[in-house]
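Everything below belongs to data.cif, which stores mmCIF, C-alpha atoms.
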```
data_query
loop_
_atom_site.group_PDB
_atom_site.id
_atom_site.type_symbol
_atom_site.label_atom_id
_atom_site.label_comp_id
_atom_site.auth_asym_id
_atom_site.auth_seq_id
_atom_site.Cartn_x
_atom_site.Cartn_y
_atom_site.Cartn_z
ATOM 1 C CA MET A 26 0.000 0.000 0.000
ATOM 2 C CA ILE A 27 1.135 3.514 -0.762
ATOM 3 C CA GLN A 28 -0.335 6.848 0.266
ATOM 4 C CA TYR A 29 -0.267 9.855 -2.042
ATOM 5 C CA ALA A 30 -1.088 13.496 -1.441
ATOM 6 C CA LEU A 31 -3.389 14.491 -4.318
ATOM 7 C CA ARG A 32 -4.774 17.756 -5.709
ATOM 8 C CA CYS A 33 -7.590 18.476 -8.132
ATOM 9 C CA PRO A 34 -7.642 21.336 -10.701
ATOM 10 C CA ASP A 35 -9.935 23.290 -8.334
ATOM 11 C CA GLY A 36 -7.210 23.294 -5.652
ATOM 12 C CA HIS A 37 -8.700 20.709 -3.292
ATOM 13 C CA SER A 38 -5.997 18.704 -1.493
ATOM 14 C CA PHE A 39 -6.537 15.246 -0.027
ATOM 15 C CA ASP A 40 -4.704 11.977 0.627
ATOM 16 C CA SER A 41 -5.570 8.568 -0.746
ATOM 17 C CA TRP A 42 -4.186 5.045 -0.464
ATOM 18 C CA PHE A 43 -3.406 2.826 -3.444
ATOM 19 C CA GLN A 44 -2.374 -0.802 -3.695
ATOM 20 C CA SER A 45 0.885 0.234 -5.419
ATOM 21 C CA ALA A 46 2.416 3.043 -7.462
ATOM 22 C CA GLU A 47 1.524 1.086 -10.587
ATOM 23 C CA ALA A 48 -2.087 0.777 -9.433
ATOM 24 C CA TYR A 49 -2.279 4.570 -9.008
ATOM 25 C CA GLU A 50 -0.836 5.106 -12.502
ATOM 26 C CA ARG A 51 -3.345 2.670 -14.062
ATOM 27 C CA LEU A 52 -6.304 4.306 -12.307
ATOM 28 C CA ALA A 53 -5.142 7.856 -13.054
ATOM 29 C CA SER A 54 -4.454 7.151 -16.738
ATOM 30 C CA ALA A 55 -7.932 5.609 -17.051
ATOM 31 C CA GLY A 56 -9.468 8.741 -15.454
ATOM 32 C CA LEU A 57 -10.709 6.783 -12.450
ATOM 33 C CA VAL A 58 -9.134 8.951 -9.727
ATOM 34 C CA SER A 59 -11.509 11.708 -8.675
ATOM 35 C CA CYS A 60 -11.400 14.470 -6.089
ATOM 36 C CA ALA A 61 -12.584 13.415 -2.649
ATOM 37 C CA VAL A 62 -13.991 16.912 -2.079
ATOM 38 C CA CYS A 63 -15.760 17.884 -5.323
ATOM 39 C CA GLY A 64 -15.738 14.639 -7.302
ATOM 40 C CA GLY A 65 -13.975 16.251 -10.257
ATOM 41 C CA GLY A 66 -11.392 14.554 -12.425
ATOM 42 C CA GLY A 67 -7.931 15.661 -13.464
ATOM 43 C CA VAL A 68 -6.456 14.717 -10.081
ATOM 44 C CA GLU A 69 -2.660 14.768 -9.877
ATOM 45 C CA LYS A 70 -0.074 13.888 -7.263
ATOM 46 C CA ALA A 71 0.898 16.811 -5.044
ATOM 47 C CA MET A 72 4.164 17.528 -3.290
ATOM 48 C CA MET A 73 4.522 15.283 -0.233
ATOM 49 C CA THR A 74 6.729 15.373 2.824
ATOM 50 C CA PRO A 75 8.440 12.015 3.223
ATOM 51 C CA ARG A 76 7.862 10.075 6.423
ATOM 52 C CA VAL A 77 11.253 9.214 7.804
ATOM 53 C CA ALA A 78 11.664 7.416 11.115
ATOM 54 C CA THR A 79 14.683 8.468 13.112
ATOM 55 C CA ALA A 80 16.469 6.584 15.845
ATOM 56 C CA ARG A 81 16.384 9.685 18.047
ATOM 57 C CA ALA A 82 12.616 9.965 18.100
ATOM 58 C CA PRO A 83 11.292 7.332 20.526
ATOM 59 C CA ALA A 84 7.866 5.957 19.856
ATOM 60 C CA THR A 85 5.352 7.352 22.305
ATOM 61 C CA LEU A 86 1.967 5.946 23.114
ATOM 62 C CA SER A 87 -1.005 8.164 23.573
ATOM 63 C CA GLU A 88 -2.709 8.509 26.909
ATOM 64 C CA PRO A 89 -5.739 6.259 27.385
ATOM 65 C CA ALA A 90 -8.613 7.792 25.460
ATOM 66 C CA SER A 91 -11.777 6.095 26.650
ATOM 67 C CA PRO A 92 -12.997 5.583 30.215
ATOM 68 C CA ALA A 93 -12.408 1.828 29.776
ATOM 69 C CA GLU A 94 -8.784 2.412 28.709
ATOM 70 C CA GLN A 95 -8.312 4.802 31.654
ATOM 71 C CA ALA A 96 -9.691 2.199 34.066
ATOM 72 C CA LEU A 97 -7.364 -0.494 32.669
ATOM 73 C CA ALA A 98 -4.384 1.847 32.908
ATOM 74 C CA GLU A 99 -5.245 2.628 36.544
ATOM 75 C CA LEU A 100 -5.681 -1.078 37.337
ATOM 76 C CA ARG A 101 -2.277 -1.791 35.843
ATOM 77 C CA ARG A 102 -0.638 1.016 37.865
ATOM 78 C CA LYS A 103 -2.168 -0.319 41.096
ATOM 79 C CA ILE A 104 -1.159 -3.920 40.429
ATOM 80 C CA GLU A 105 2.397 -2.973 39.482
ATOM 81 C CA ALA A 106 2.768 -0.616 42.457
ATOM 82 C CA ASN A 107 1.403 -3.056 45.042
ATOM 83 C CA SER A 108 2.581 -6.446 43.772
ATOM 84 C CA GLU A 109 5.794 -8.257 43.020
ATOM 85 C CA TYR A 110 6.428 -9.417 39.463
ATOM 86 C CA VAL A 111 7.538 -13.072 39.598
ATOM 87 C CA GLY A 112 7.628 -13.719 35.847
ATOM 88 C CA SER A 113 7.288 -17.320 34.736
ATOM 89 C CA ASN A 114 7.495 -18.508 38.367
ATOM 90 C CA PHE A 115 3.924 -17.335 38.964
ATOM 91 C CA ALA A 116 2.306 -20.797 39.158
ATOM 92 C CA THR A 117 4.981 -22.128 41.524
ATOM 93 C CA GLU A 118 4.823 -19.057 43.789
ATOM 94 C CA ALA A 119 1.002 -18.985 43.874
ATOM 95 C CA ARG A 120 0.799 -22.693 44.726
ATOM 96 C CA ALA A 121 3.472 -22.404 47.450
ATOM 97 C CA MET A 122 1.561 -19.511 49.080
ATOM 98 C CA HIS A 123 -1.727 -21.407 48.829
ATOM 99 C CA ASP A 124 -0.149 -24.498 50.424
ATOM 100 C CA GLY A 125 1.364 -22.392 53.233
ATOM 101 C CA ASP A 126 4.959 -23.149 52.218
ATOM 102 C CA ILE A 127 5.858 -19.457 51.871
ATOM 103 C CA PRO A 128 4.323 -16.265 53.296
ATOM 104 C CA HIS A 129 1.447 -14.659 51.393
ATOM 105 C CA ARG A 130 2.220 -11.574 49.328
ATOM 106 C CA ASN A 131 0.726 -9.872 46.279
ATOM 107 C CA ILE A 132 2.272 -11.236 43.091
ATOM 108 C CA TYR A 133 1.680 -11.127 39.376
ATOM 109 C CA GLY A 134 3.406 -12.830 36.506
ATOM 110 C CA GLU A 135 2.934 -15.290 33.712
ATOM 111 C CA ALA A 136 1.643 -18.847 33.550
ATOM 112 C CA ARG A 137 0.899 -21.263 30.768
ATOM 113 C CA LEU A 138 -2.773 -21.989 30.187
ATOM 114 C CA ASP A 139 -2.488 -25.509 31.623
ATOM 115 C CA GLU A 140 -0.764 -24.151 34.762
ATOM 116 C CA ALA A 141 -3.429 -21.473 35.274
ATOM 117 C CA ARG A 142 -6.231 -23.982 34.747
ATOM 118 C CA LYS A 143 -4.707 -26.385 37.324
ATOM 119 C CA LEU A 144 -4.330 -23.559 39.869
ATOM 120 C CA ALA A 145 -7.996 -22.606 39.451
ATOM 121 C CA GLU A 146 -9.127 -26.254 39.662
ATOM 122 C CA ASP A 147 -7.163 -26.647 42.904
ATOM 123 C CA GLY A 148 -8.825 -23.587 44.459
ATOM 124 C CA VAL A 149 -5.809 -21.280 44.252
ATOM 125 C CA PRO A 150 -7.229 -17.727 43.944
ATOM 126 C CA VAL A 151 -5.862 -16.474 40.616
ATOM 127 C CA ALA A 152 -7.239 -14.292 37.838
ATOM 128 C CA PRO A 153 -6.000 -13.362 34.388
ATOM 129 C CA LEU A 154 -4.887 -9.770 33.928
ATOM 130 C CA PRO A 155 -6.310 -7.704 31.065
ATOM 131 C CA PHE A 156 -2.786 -6.639 30.042
ATOM 132 C CA MET A 157 0.652 -8.100 29.449
ATOM 133 C CA PRO A 158 3.105 -7.622 32.329
ATOM 134 C CA ASN A 159 6.094 -5.308 31.978
ATOM 135 C CA ARG A 160 8.622 -8.169 32.292
ATOM 136 C CA LYS A 161 10.536 -6.509 35.108
ATOM 137 C CA ALA A 162 10.957 -7.098 38.803
ATOM 138 C CA ASN A 163 9.481 -4.529 41.191
#
```
Could you quickly redo this structure as structure tokens?
Amino acid sequence: MIQYALRCPDGHSFDSWFQSAEAYERLASAGLVSCAVCGGGGVEKAMMTPRVATARAPATLSEPASPAEQALAELRRKIEANSEYVGSNFATEARAMHDGDIPHRNIYGEARLDEARKLAEDGVPVAPLPFMPNRKAN
């Protein structure tokens, strides 16, 4: 897919996606590219600014937009602030606490589906998180 900045003879500017540069050329030469604003023909490619990714510009994520996203972000902050990340040792740690072999504490981590199912079947209080852990120890 390729995106082009386009302009019609009436001066309307708009962007459009095409399967390839060749696909754009075929459609344009057949007169099948029309203005998204006025519907007129004679559309041509306009000057575009290239999109260049730089190593210096880190990717940033937007803040949660919806109330649901905000609630999930808050839940994650609370879990990470008040629990210890135990990584792939989650099932072992949860079972040891349940059996009284080690002191209880708040933990989160990762478990295979069969491990999580066995914990739940054995009455170990566990729940899946609606996010992936940050793979780091607190």
Report as a ChimeraX atom specification the full result of the PyMOL selection byres ((chain A and resi 113) around 6) when it is applied to this structure.
/A:112,114-115,135-136
Could you write out that same residue set with C-alpha atoms as a PDB file, keeping the file's coordinate frame?
```
ATOM      1  CA  GLY A 112       7.628 -13.719  35.847  1.00  0.00           C
ATOM      2  CA  ASN A 114       7.495 -18.508  38.367  1.00  0.00           C
ATOM      3  CA  PHE A 115       3.924 -17.335  38.964  1.00  0.00           C
ATOM      4  CA  GLU A 135       2.934 -15.290  33.712  1.00  0.00           C
ATOM      5  CA  ALA A 136       1.643 -18.847  33.550  1.00  0.00           C
TER       6      ALA A 136
END
```
A:Pro34 surroundings by all atoms listed in the file, 12 Å radius, close-in-sequence under 5 positions cut, as a PDB file with C-alpha atoms, in the frame of the given file:
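Final output, out.pdb:
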```pdb
ATOM      1  CA  SER A  59     -11.509  11.708  -8.675  1.00  0.00           C
ATOM      2  CA  CYS A  60     -11.400  14.470  -6.089  1.00  0.00           C
ATOM      3  CA  VAL A  62     -13.991  16.912  -2.079  1.00  0.00           C
ATOM      4  CA  CYS A  63     -15.760  17.884  -5.323  1.00  0.00           C
ATOM      5  CA  GLY A  64     -15.738  14.639  -7.302  1.00  0.00           C
ATOM      6  CA  GLY A  65     -13.975  16.251 -10.257  1.00  0.00           C
ATOM      7  CA  GLY A  66     -11.392  14.554 -12.425  1.00  0.00           C
ATOM      8  CA  GLY A  67      -7.931  15.661 -13.464  1.00  0.00           C
ATOM      9  CA  VAL A  68      -6.456  14.717 -10.081  1.00  0.00           C
ATOM     10  CA  GLU A  69      -2.660  14.768  -9.877  1.00  0.00           C
ATOM     11  CA  LYS A  70      -0.074  13.888  -7.263  1.00  0.00           C
ATOM     12  CA  ALA A  71       0.898  16.811  -5.044  1.00  0.00           C
TER      13      ALA A  71
END
```
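You can rank A:Phe156, A:Tyr49, A:Phe39, A:Tyr133 by their closest distance to A:Met72 using all atoms listed in the file, and at the top of that list sits A:Phe39.
Summary of the local environment: counting only C-alpha atoms, residues at most 10 Å from stretch 137-150 of chain A, other than itself and those fewer than 4 positions away along its chain, are A:Ser113, A:Phe115, A:Ala116, A:Thr117, A:Ala119, A:Arg120, A:Ala121, A:Met122, A:His123, A:Asp124.
Taking only C-alpha atoms, the non-local environment of A:Ser41 within 8 Å (same-chain residues fewer than 4 positions away omitted) comprises Gln28, Tyr29, Ala30 and Leu31 of chain A.
The space between atom CA of A:Glu109 and atom CA of A:Asn131 spans 6.2 Å.
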What does the structure give for the distance between atom CA of A:Glu118 and atom CA of A:Val151, in Å to one decimal?
11.4 Å
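Atom pair atom CA of A:Leu97 / atom CA of A:Arg130 has a distance of 22.2 Å (rounded to one decimal).
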When the PyMOL selection byres ((chain A and resi 107) around 12) is applied to the file above, which residues end up in the set, as an mmCIF file with C-alpha atoms, keeping the file's coordinate frame?
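Printed below is part00.cif as written:
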```
data_model
loop_
_atom_site.group_PDB
_atom_site.id
_atom_site.type_symbol
_atom_site.label_atom_id
_atom_site.label_comp_id
_atom_site.auth_asym_id
_atom_site.auth_seq_id
_atom_site.Cartn_x
_atom_site.Cartn_y
_atom_site.Cartn_z
ATOM 1 C CA LEU A 100 -5.681 -1.078 37.337
ATOM 2 C CA ARG A 101 -2.277 -1.791 35.843
ATOM 3 C CA ARG A 102 -0.638 1.016 37.865
ATOM 4 C CA LYS A 103 -2.168 -0.319 41.096
ATOM 5 C CA ILE A 104 -1.159 -3.920 40.429
ATOM 6 C CA GLU A 105 2.397 -2.973 39.482
ATOM 7 C CA ALA A 106 2.768 -0.616 42.457
ATOM 8 C CA SER A 108 2.581 -6.446 43.772
ATOM 9 C CA GLU A 109 5.794 -8.257 43.020
ATOM 10 C CA TYR A 110 6.428 -9.417 39.463
ATOM 11 C CA ARG A 130 2.220 -11.574 49.328
ATOM 12 C CA ASN A 131 0.726 -9.872 46.279
ATOM 13 C CA ILE A 132 2.272 -11.236 43.091
ATOM 14 C CA TYR A 133 1.680 -11.127 39.376
ATOM 15 C CA ASN A 163 9.481 -4.529 41.191
#
```
I need every residue sitting at most 7 Å from the point (-2.5, 2.5, -1.7) (coordinates as in the file, only C-alpha atoms considered), written as a PyMOL selection string.
chain A and resi 26-28+41-45
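Between A:Pro155 and the residues A:Ala96, A:Ala61, A:Ala48, A:Ala90, the shortest atom-to-atom distance, using all atoms listed in the file, involves A:Ala96.
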